[in-house]
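Source file: protein01.txt. Holds: compact mmCIF, C-alpha atoms.
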```
# COMPACT_ATOMS: atom_id res chain seq x y z
CA MET A 167 0.00 0.00 0.00
CA LYS A 168 2.86 2.31 0.87
CA LEU A 169 4.39 1.64 -2.54
CA THR A 170 1.16 2.65 -4.29
CA SER A 171 0.99 5.86 -2.32
CA LEU A 172 4.60 6.59 -3.16
CA ARG A 173 3.91 5.99 -6.86
CA ALA A 174 0.99 8.38 -6.80
CA THR A 175 3.06 11.05 -5.09
CA VAL A 176 5.90 10.65 -7.60
CA LEU A 177 3.40 10.80 -10.47
CA VAL A 178 1.86 13.97 -9.12
CA MET A 179 5.27 15.53 -8.52
CA MET A 180 6.32 14.70 -12.07
CA MET A 181 3.16 16.26 -13.45
CA ALA A 182 3.76 19.35 -11.34
CA LEU A 183 7.33 19.53 -12.62
CA LEU A 184 6.19 19.21 -16.23
CA ALA A 185 3.53 21.85 -15.63
CA SER A 186 6.09 24.24 -14.18
CA CYS A 187 8.27 23.65 -17.25
CA GLY A 188 5.42 24.92 -19.39
CA LEU A 189 4.53 21.59 -20.97
CA PHE A 190 0.85 22.02 -20.26
CA LYS A 191 0.76 25.75 -21.00
CA PRO A 192 -1.32 26.84 -23.98
CA GLY A 193 0.52 27.31 -27.26
CA PRO A 194 0.21 30.42 -29.45
CA SER A 195 -2.91 29.21 -31.28
CA LYS A 196 -4.63 28.28 -28.04
CA VAL A 197 -3.81 31.70 -26.57
CA VAL A 198 -5.41 33.41 -29.57
CA LYS A 199 -8.50 31.22 -29.26
CA ASN A 200 -8.67 31.82 -25.50
CA PHE A 201 -8.36 35.54 -26.13
CA TYR A 202 -11.29 35.65 -28.54
CA HIS A 203 -13.45 33.46 -26.33
CA ASP A 204 -12.62 35.56 -23.26
CA VAL A 205 -13.62 38.75 -25.08
CA GLU A 206 -16.79 37.04 -26.33
CA ALA A 207 -17.66 36.01 -22.77
CA GLY A 208 -16.94 39.51 -21.47
CA LYS A 209 -13.98 38.26 -19.43
CA ILE A 210 -12.04 41.41 -20.24
CA GLU A 211 -9.64 41.14 -17.32
CA GLU A 212 -8.69 37.63 -18.40
CA ALA A 213 -8.35 38.76 -22.01
CA THR A 214 -6.08 41.70 -21.22
CA LYS A 215 -3.79 39.41 -19.23
CA LEU A 216 -3.06 37.64 -22.51
CA PHE A 217 -1.27 40.74 -23.83
CA SER A 218 2.47 41.08 -23.27
CA ALA A 219 3.69 43.03 -20.26
CA GLN A 220 4.91 45.81 -22.55
CA VAL A 221 1.49 46.15 -24.18
CA GLN A 222 -0.28 46.11 -20.82
CA GLN A 223 2.08 48.75 -19.48
CA THR A 224 1.85 50.98 -22.56
CA PHE A 225 -1.89 50.92 -23.08
CA GLY A 226 -3.16 50.22 -19.55
CA SER A 227 -6.91 50.59 -19.19
CA LYS A 228 -7.32 51.49 -22.88
CA LEU A 229 -7.06 47.78 -23.64
CA SER A 230 -10.09 47.03 -21.48
CA THR A 231 -12.10 49.82 -23.10
CA VAL A 232 -11.29 48.66 -26.61
CA MET A 233 -11.92 44.98 -25.86
CA SER A 234 -15.20 45.72 -24.07
CA SER A 235 -16.48 47.36 -27.24
CA GLN A 236 -15.57 44.18 -29.11
CA THR A 237 -17.67 42.07 -26.74
CA ARG A 238 -20.71 44.02 -27.92
CA LYS A 239 -19.70 43.63 -31.57
CA ILE A 240 -19.32 39.85 -31.19
CA GLU A 241 -22.73 39.72 -29.57
CA GLN A 242 -24.21 41.60 -32.52
CA LYS A 243 -22.77 38.91 -34.79
CA GLY A 244 -24.46 36.19 -32.75
CA GLY A 245 -21.26 34.97 -31.13
CA ILE A 246 -18.25 33.02 -32.34
CA LYS A 247 -18.93 29.86 -34.32
CA SER A 248 -15.35 28.69 -34.87
CA ILE A 249 -11.74 29.81 -34.90
CA ASP A 250 -9.24 28.25 -37.30
CA THR A 251 -5.56 28.90 -36.75
CA LYS A 252 -2.17 28.21 -38.28
CA GLU A 253 0.89 28.99 -36.21
CA ASN A 254 4.53 29.57 -37.00
CA ILE A 255 6.92 29.51 -34.05
CA THR A 256 10.48 30.86 -34.20
CA GLY A 257 12.13 30.62 -30.81
CA ASP A 258 10.30 32.91 -28.42
CA LEU A 259 8.28 34.57 -31.17
CA ALA A 260 5.24 33.24 -32.97
CA LYS A 261 2.79 34.38 -35.60
CA VAL A 262 -0.72 32.97 -35.65
CA GLU A 263 -2.82 33.35 -38.76
CA TYR A 264 -6.44 32.97 -37.89
CA THR A 265 -9.96 33.02 -39.26
CA VAL A 266 -12.80 33.72 -36.88
CA THR A 267 -16.20 32.69 -38.18
CA TYR A 268 -19.16 34.31 -36.48
CA LYS A 269 -22.60 32.82 -36.16
CA ASP A 270 -24.07 35.40 -38.56
CA GLY A 271 -21.77 34.02 -41.27
CA SER A 272 -19.28 36.88 -41.25
CA THR A 273 -15.57 36.15 -40.89
CA GLU A 274 -12.49 37.92 -39.68
CA GLN A 275 -9.09 36.97 -41.00
CA GLY A 276 -5.76 38.21 -39.77
CA SER A 277 -2.56 37.48 -37.98
CA ILE A 278 -1.38 38.06 -34.45
CA ASP A 279 2.19 38.20 -33.18
CA LEU A 280 3.00 36.55 -29.88
CA ILE A 281 6.04 36.58 -27.63
CA LYS A 282 7.01 34.11 -24.93
CA GLU A 283 7.23 35.72 -21.52
CA LYS A 284 8.20 33.65 -18.49
CA GLY A 285 7.07 30.56 -20.37
CA ASP A 286 3.68 31.95 -21.39
CA TRP A 287 2.74 33.07 -24.90
CA LYS A 288 1.52 36.67 -24.88
CA ILE A 289 -0.04 38.82 -27.59
CA GLN A 290 2.05 41.61 -29.08
CA LEU A 291 0.61 44.57 -30.95
CA GLY A 292 2.02 46.57 -33.80
CA PRO A 293 2.19 47.08 -37.54
CA ASN A 294 2.21 43.93 -39.62
CA LYS A 295 5.82 43.33 -40.60
CA MET B 2 -10.67 3.78 -2.29
CA THR B 3 -7.82 4.15 0.21
CA TRP B 4 -5.33 4.48 -2.66
CA PHE B 5 -7.50 7.19 -4.19
CA LYS B 6 -7.81 8.98 -0.86
CA ARG B 7 -4.05 8.93 -0.32
CA SER B 8 -3.41 10.15 -3.85
CA LEU B 9 -5.74 13.06 -3.20
CA GLN B 10 -3.93 13.84 0.04
CA ALA B 11 -0.64 13.82 -1.86
CA LEU B 12 -2.13 16.19 -4.44
CA VAL B 13 -3.17 18.85 -1.95
CA PRO B 14 0.26 20.39 -1.20
CA VAL B 15 1.24 20.29 -4.89
CA ALA B 16 -2.01 21.94 -5.89
CA MET B 17 -1.47 24.62 -3.26
CA ILE B 18 2.02 25.33 -4.60
CA LEU B 19 0.67 25.57 -8.16
CA ILE B 20 -2.12 27.91 -7.07
CA VAL B 21 0.36 30.18 -5.27
CA MET B 22 2.60 30.18 -8.39
CA ALA B 23 -0.36 31.04 -10.60
CA VAL B 24 -1.45 33.90 -8.35
CA VAL B 25 2.08 35.34 -8.18
CA ASN B 26 2.56 35.12 -11.94
CA GLY B 27 -0.89 36.42 -12.76
CA SER B 28 -0.80 39.62 -10.76
CA ALA B 29 0.26 42.00 -13.52
CA LYS B 30 0.79 45.51 -12.24
CA GLU B 31 -0.21 48.58 -14.17
CA GLU B 32 2.12 51.54 -14.16
CA PRO B 33 0.54 54.72 -12.85
CA ALA B 34 0.04 57.40 -15.47
CA PRO B 35 2.98 59.82 -15.47
CA ASN B 36 2.32 63.43 -14.47
CA ALA B 37 2.05 65.64 -17.51
CA PRO B 38 4.98 68.07 -17.75
CA ALA B 39 4.40 71.72 -18.65
CA LEU B 40 4.61 72.13 -22.42
CA HIS B 41 6.22 75.12 -24.09
CA ILE B 42 5.46 75.78 -27.73
CA ASP B 43 6.40 78.77 -29.83
CA GLU B 44 2.91 79.63 -31.08
CA GLN B 45 4.19 82.38 -33.36
CA ALA B 46 6.34 79.88 -35.24
CA VAL B 47 3.50 77.61 -36.33
CA GLU B 48 1.93 78.08 -39.75
CA ASN B 49 -1.18 76.98 -41.58
CA GLY B 50 -1.01 73.31 -42.49
CA ASP B 51 1.56 72.38 -39.85
CA MET B 52 0.83 69.04 -38.26
CA ILE B 53 0.77 68.81 -34.49
CA PHE B 54 1.18 65.47 -32.78
CA ARG B 55 0.49 65.05 -29.10
CA ARG B 56 1.07 62.41 -26.48
CA GLY B 57 -1.10 61.64 -23.51
CA VAL B 58 -4.74 61.44 -22.61
CA GLY B 59 -4.97 58.73 -25.17
CA LEU B 60 -8.42 57.80 -26.22
CA ALA B 61 -9.30 54.22 -26.66
CA SER B 62 -10.34 54.57 -30.26
CA ASP B 63 -7.02 56.18 -31.18
CA PHE B 64 -5.34 53.08 -29.80
CA VAL B 65 -5.24 51.34 -33.18
CA VAL B 66 -3.60 54.13 -35.15
CA SER B 67 -1.13 54.90 -32.37
CA VAL B 68 -0.24 51.30 -31.69
CA ASP B 69 3.36 51.56 -32.80
CA ALA B 70 3.89 55.12 -31.66
CA ALA B 71 2.34 54.74 -28.25
CA SER B 72 5.48 55.69 -26.42
CA ARG B 73 5.57 58.98 -28.35
CA PHE B 74 2.33 60.32 -29.81
CA SER B 75 -1.25 59.15 -29.80
CA HIS B 76 -3.11 61.94 -31.56
CA VAL B 77 -2.64 64.40 -34.41
CA GLY B 78 -4.28 67.53 -35.78
CA ILE B 79 -3.59 70.28 -38.30
CA ILE B 80 -2.88 73.96 -37.66
CA CYS B 81 -5.28 76.53 -39.07
CA LYS B 82 -4.77 80.15 -38.10
CA GLN B 83 -7.78 82.36 -37.51
CA ALA B 84 -7.21 86.11 -37.11
CA GLY B 85 -3.54 85.39 -36.55
CA GLN B 86 -4.20 82.96 -33.70
CA PRO B 87 -3.24 79.28 -34.07
CA TYR B 88 -6.05 76.74 -33.86
CA VAL B 89 -5.91 72.97 -34.24
CA ILE B 90 -8.42 71.15 -36.39
CA HIS B 91 -8.77 67.55 -35.24
CA ILE B 92 -11.28 64.86 -34.46
CA LEU B 93 -11.92 62.64 -31.45
CA PRO B 94 -14.42 59.88 -30.83
CA ASP B 95 -17.17 59.90 -28.27
CA GLU B 96 -15.84 57.67 -25.53
CA GLY B 97 -19.30 57.05 -24.13
CA ARG B 98 -19.63 60.36 -22.30
CA GLY B 99 -21.59 62.14 -25.01
CA ASP B 100 -18.46 63.91 -26.29
CA ASP B 101 -18.53 65.89 -29.53
CA ASP B 102 -17.41 63.39 -32.15
CA THR B 103 -17.36 65.74 -35.12
CA VAL B 104 -14.33 67.61 -36.48
CA ARG B 105 -13.47 70.32 -33.99
CA MET B 106 -11.35 73.46 -34.02
CA GLU B 107 -9.66 74.36 -30.76
CA PRO B 108 -7.07 76.95 -29.73
CA LEU B 109 -3.57 75.46 -29.82
CA SER B 110 -3.16 76.26 -26.12
CA LEU B 111 -6.19 74.11 -25.30
CA PHE B 112 -5.01 71.28 -27.55
CA LEU B 113 -1.73 71.20 -25.63
CA SER B 114 -3.11 71.95 -22.15
CA PRO B 115 -1.79 69.67 -19.39
CA ALA B 116 -5.19 68.03 -19.23
CA ASN B 117 -4.86 66.98 -22.85
CA ALA B 118 -1.18 66.48 -23.59
CA SER B 119 2.09 65.44 -22.06
CA GLY B 120 4.24 65.90 -25.15
CA PHE B 121 4.06 67.24 -28.68
CA ALA B 122 5.80 67.64 -32.01
CA VAL B 123 5.18 70.14 -34.78
CA CYS B 124 5.93 68.96 -38.31
CA ARG B 125 5.86 70.88 -41.58
CA LEU B 126 6.06 70.02 -45.25
CA SER B 127 9.67 70.25 -46.21
CA GLY B 128 10.89 72.10 -49.29
CA ARG B 129 8.81 74.31 -51.53
CA HIS B 130 5.33 73.10 -50.69
CA ARG B 131 3.83 75.95 -48.71
CA THR B 132 0.91 76.32 -51.09
CA VAL B 133 0.05 72.65 -50.55
CA ALA B 134 0.12 73.17 -46.78
CA GLN B 135 -2.17 76.17 -47.16
CA ARG B 136 -4.58 74.12 -49.26
CA ALA B 137 -4.48 71.29 -46.71
CA ALA B 138 -5.38 73.75 -43.93
CA SER B 139 -8.28 75.02 -46.05
CA GLN B 140 -9.44 71.45 -46.64
CA ALA B 141 -9.29 70.72 -42.90
CA LEU B 142 -11.34 73.85 -42.34
CA ALA B 143 -13.88 72.54 -44.87
CA PHE B 144 -14.10 69.27 -42.86
CA TRP B 145 -14.81 71.35 -39.76
CA LYS B 146 -17.46 73.44 -41.49
CA LYS B 147 -19.13 70.27 -42.77
CA GLN B 148 -19.01 68.82 -39.24
CA VAL B 149 -17.67 65.50 -40.52
CA CYS B 150 -18.21 62.75 -37.93
CA TYR B 151 -15.69 60.39 -36.36
CA ASP B 152 -15.10 57.18 -38.28
CA TYR B 153 -15.58 54.41 -35.74
CA ASP B 154 -14.94 51.81 -38.44
CA LEU B 155 -11.51 53.35 -39.11
CA ASP B 156 -12.15 53.13 -42.82
CA ALA B 157 -9.64 55.26 -44.72
CA SER B 158 -11.18 54.59 -48.13
CA ASN B 159 -13.23 57.80 -48.10
CA ALA B 160 -13.54 61.12 -46.29
CA ARG B 161 -17.22 60.84 -45.40
CA ARG B 162 -16.12 60.00 -41.85
CA LEU B 163 -12.65 60.54 -40.43
CA TYR B 164 -10.36 59.45 -37.63
CA CYS B 165 -7.54 61.65 -36.38
CA SER B 166 -4.64 60.62 -38.60
CA GLU B 167 -7.01 60.11 -41.53
CA LEU B 168 -8.19 63.73 -41.24
CA VAL B 169 -4.63 65.02 -41.69
CA TRP B 170 -3.85 62.49 -44.42
CA GLN B 171 -7.04 63.22 -46.38
CA ALA B 172 -6.55 66.99 -46.09
CA TYR B 173 -3.07 66.71 -47.57
CA LYS B 174 -4.11 64.14 -50.14
CA MET B 175 -6.85 66.43 -51.40
CA ALA B 176 -4.31 69.25 -51.43
CA GLY B 177 -2.02 67.22 -53.67
CA ILE B 178 0.41 65.26 -51.48
CA ASP B 179 -0.03 61.73 -50.14
CA LEU B 180 1.94 61.76 -46.91
CA THR B 181 1.97 57.95 -46.79
CA ASP B 182 3.05 57.59 -50.45
CA GLY B 183 0.08 55.30 -50.96
CA VAL B 184 1.06 52.84 -48.26
CA LEU B 185 -1.51 52.27 -45.57
CA GLN B 186 -0.39 49.78 -42.96
CA ARG B 187 -1.86 46.60 -41.67
CA VAL B 188 -1.68 46.00 -37.93
CA THR B 189 -1.48 42.81 -35.90
CA ILE B 190 -4.23 43.69 -33.48
CA PRO B 191 -7.06 41.30 -32.72
CA PHE B 192 -10.33 42.56 -34.22
CA TYR B 193 -8.53 45.23 -36.30
CA GLN B 194 -7.18 43.74 -39.47
CA GLY B 195 -7.71 46.50 -42.01
CA ARG B 196 -5.27 49.04 -43.40
CA TYR B 197 -4.85 52.20 -41.39
CA VAL B 198 -3.16 55.58 -41.52
CA LEU B 199 -0.84 55.07 -38.56
CA ILE B 200 0.36 58.10 -36.65
CA SER B 201 3.94 56.89 -36.89
CA ARG B 202 3.58 56.67 -40.67
CA LEU B 203 2.68 60.37 -40.79
CA LEU B 204 5.39 61.29 -38.30
CA ASN B 205 8.02 59.53 -40.37
CA SER B 206 6.73 60.75 -43.73
CA ARG B 207 9.50 61.72 -46.12
CA TRP B 208 7.55 64.89 -46.87
CA LEU B 209 7.83 66.27 -43.34
CA GLU B 210 10.41 67.89 -41.13
CA THR B 211 10.07 68.30 -37.39
CA LEU B 212 10.24 71.89 -36.18
CA GLN B 213 9.49 71.71 -32.48
CA GLN B 214 9.01 68.90 -30.03
CA GLN B 215 8.89 68.23 -26.34
```
Represent the supplied structure as structure tokens.
Amino acid sequence: MKLTSLRATVLVMMMALLASCGLFKPGPSKVVKNFYHDVEAGKIEEATKLFSAQVQQTFGSKLSTVMSSQTRKIEQKGGIKSIDTKENITGDLAKVEYTVTYKDGSTEQGSIDLIKEKGDWKIQLGPNK
Amino acid sequence: MTWFKRSLQALVPVAMILIVMAVVNGSAKEEPAPNAPALHIDEQAVENGDMIFRRGVGLASDFVVSVDAASRFSHVGIICKQAGQPYVIHILPDEGRGDDDTVRMEPLSLFLSPANASGFAVCRLSGRHRTVAQRAASQALAFWKKQVCYDYDLDASNARRLYCSELVWQAYKMAGIDLTDGVLQRVTIPFYQGRYVLISRLLNSRWLETLQQQ
């Protein structure tokens, strides 16, 4: 019985170790999807946390204001039906090309740059390079 | 059952550690807004058609066009003198407070008051283009007289509605010079995937020279 308990503890510790290494952290595409779904659900605080520290520091509360207005726009489109993504990772930088399809049939296509900060992928803003 | 119970007991401290880590990592701090310094501008030196960029008191809707110039300037207008006094013709959105969202003309001193600005730059057409600048100022004045409304869709394809950098760009384009040389920029901002007249694009236009800045 002791052996079983020990195994379980080791298993849990290994999972915790892997989690702390970022193995279970969302990749760039997942971050983009989470971002859109957070904005759709009105979870603006959660959504703004997905921006890089530099973006959060530069734009502060403006981010919340802008994203709140998008919650209303998504609602007017009936909500998000699906999000398709294609990601390209180069070291600590990534570009996600995405297509958001809304329930009213409209779509939004674009790309988002992300940067890895402390193991987490974060959204960067700027001109398309 | 006992094995499951013991596994759960083993999970508790690990889960607590992970929760603490998540809370520590997740508590992003926002920098307080810096105090606006006093701005000094030589009002006599500005001329019709000069472009005036300002930093500070950023409005949310200007966020897109100032996205790559955020550390410097977030808004722009055009100088139009009236009875020898410098005014700025510019446009701002209604941020939900019932603000005037049509083209407005304000005294330069008000445009750069500490409540509105923490930095500025004055740019002018370089070379022999003063007549173009004069025409651009007249065009901006026409936008004001027509009370053109703010373009919440940020659509630069026409001048029926305008956003701040578009107002300056359209005024100069109609006067004969395209300050962006026909290149509107795409941005990598969620929800905003069109082409925009970015403030930095105007600021770095090959047609302009900077006269004053603070």
request  = For chain B, work out the contacting residues on chain A at 9 Å, counting only C-alpha atoms, and write them as a ChimeraX atom specification.
outcome  = /A:167,170-175,178-179,182,185-186,198,201-202,215,219,222-233,236,274-279,284,289-295
task = With a distance cut-off of 8 Å and all atoms listed in the file, select the neighbouring residues of segment 155-167 of chain B, excluding the residue or stretch itself and same-chain residues fewer than 4 positions from it, and output the selection as number ranges by chain.
result = B: 63, 66, 76-78, 91-94, 149-151, 171, 196-200, 203
task = Calculate how many Å separate atom CA of Lys191 of chain A from atom CA of Asp250 of chain A, rounding to one decimal.
result = 19.3 Å
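For Arg129 of chain B, the residues within 12 Å (counting only C-alpha atoms, excluding itself and residues fewer than 5 positions away along the chain) are B:Ala134, B:Gln135, B:Trp208, B:Leu209.
Straight-line separation from atom CA of Ile210 of chain A to atom CA of Leu185 of chain B: 29.5 Å.
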key: Counting only C-alpha atoms, the residue of B:Leu40, B:Val169, B:Ala84, B:Ala118 that sits nearest Val104 of chain B   = B:Val169
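Between atom CA of Val123 of chain B and atom CA of Asp100 of chain B the separation is 25.9 Å.
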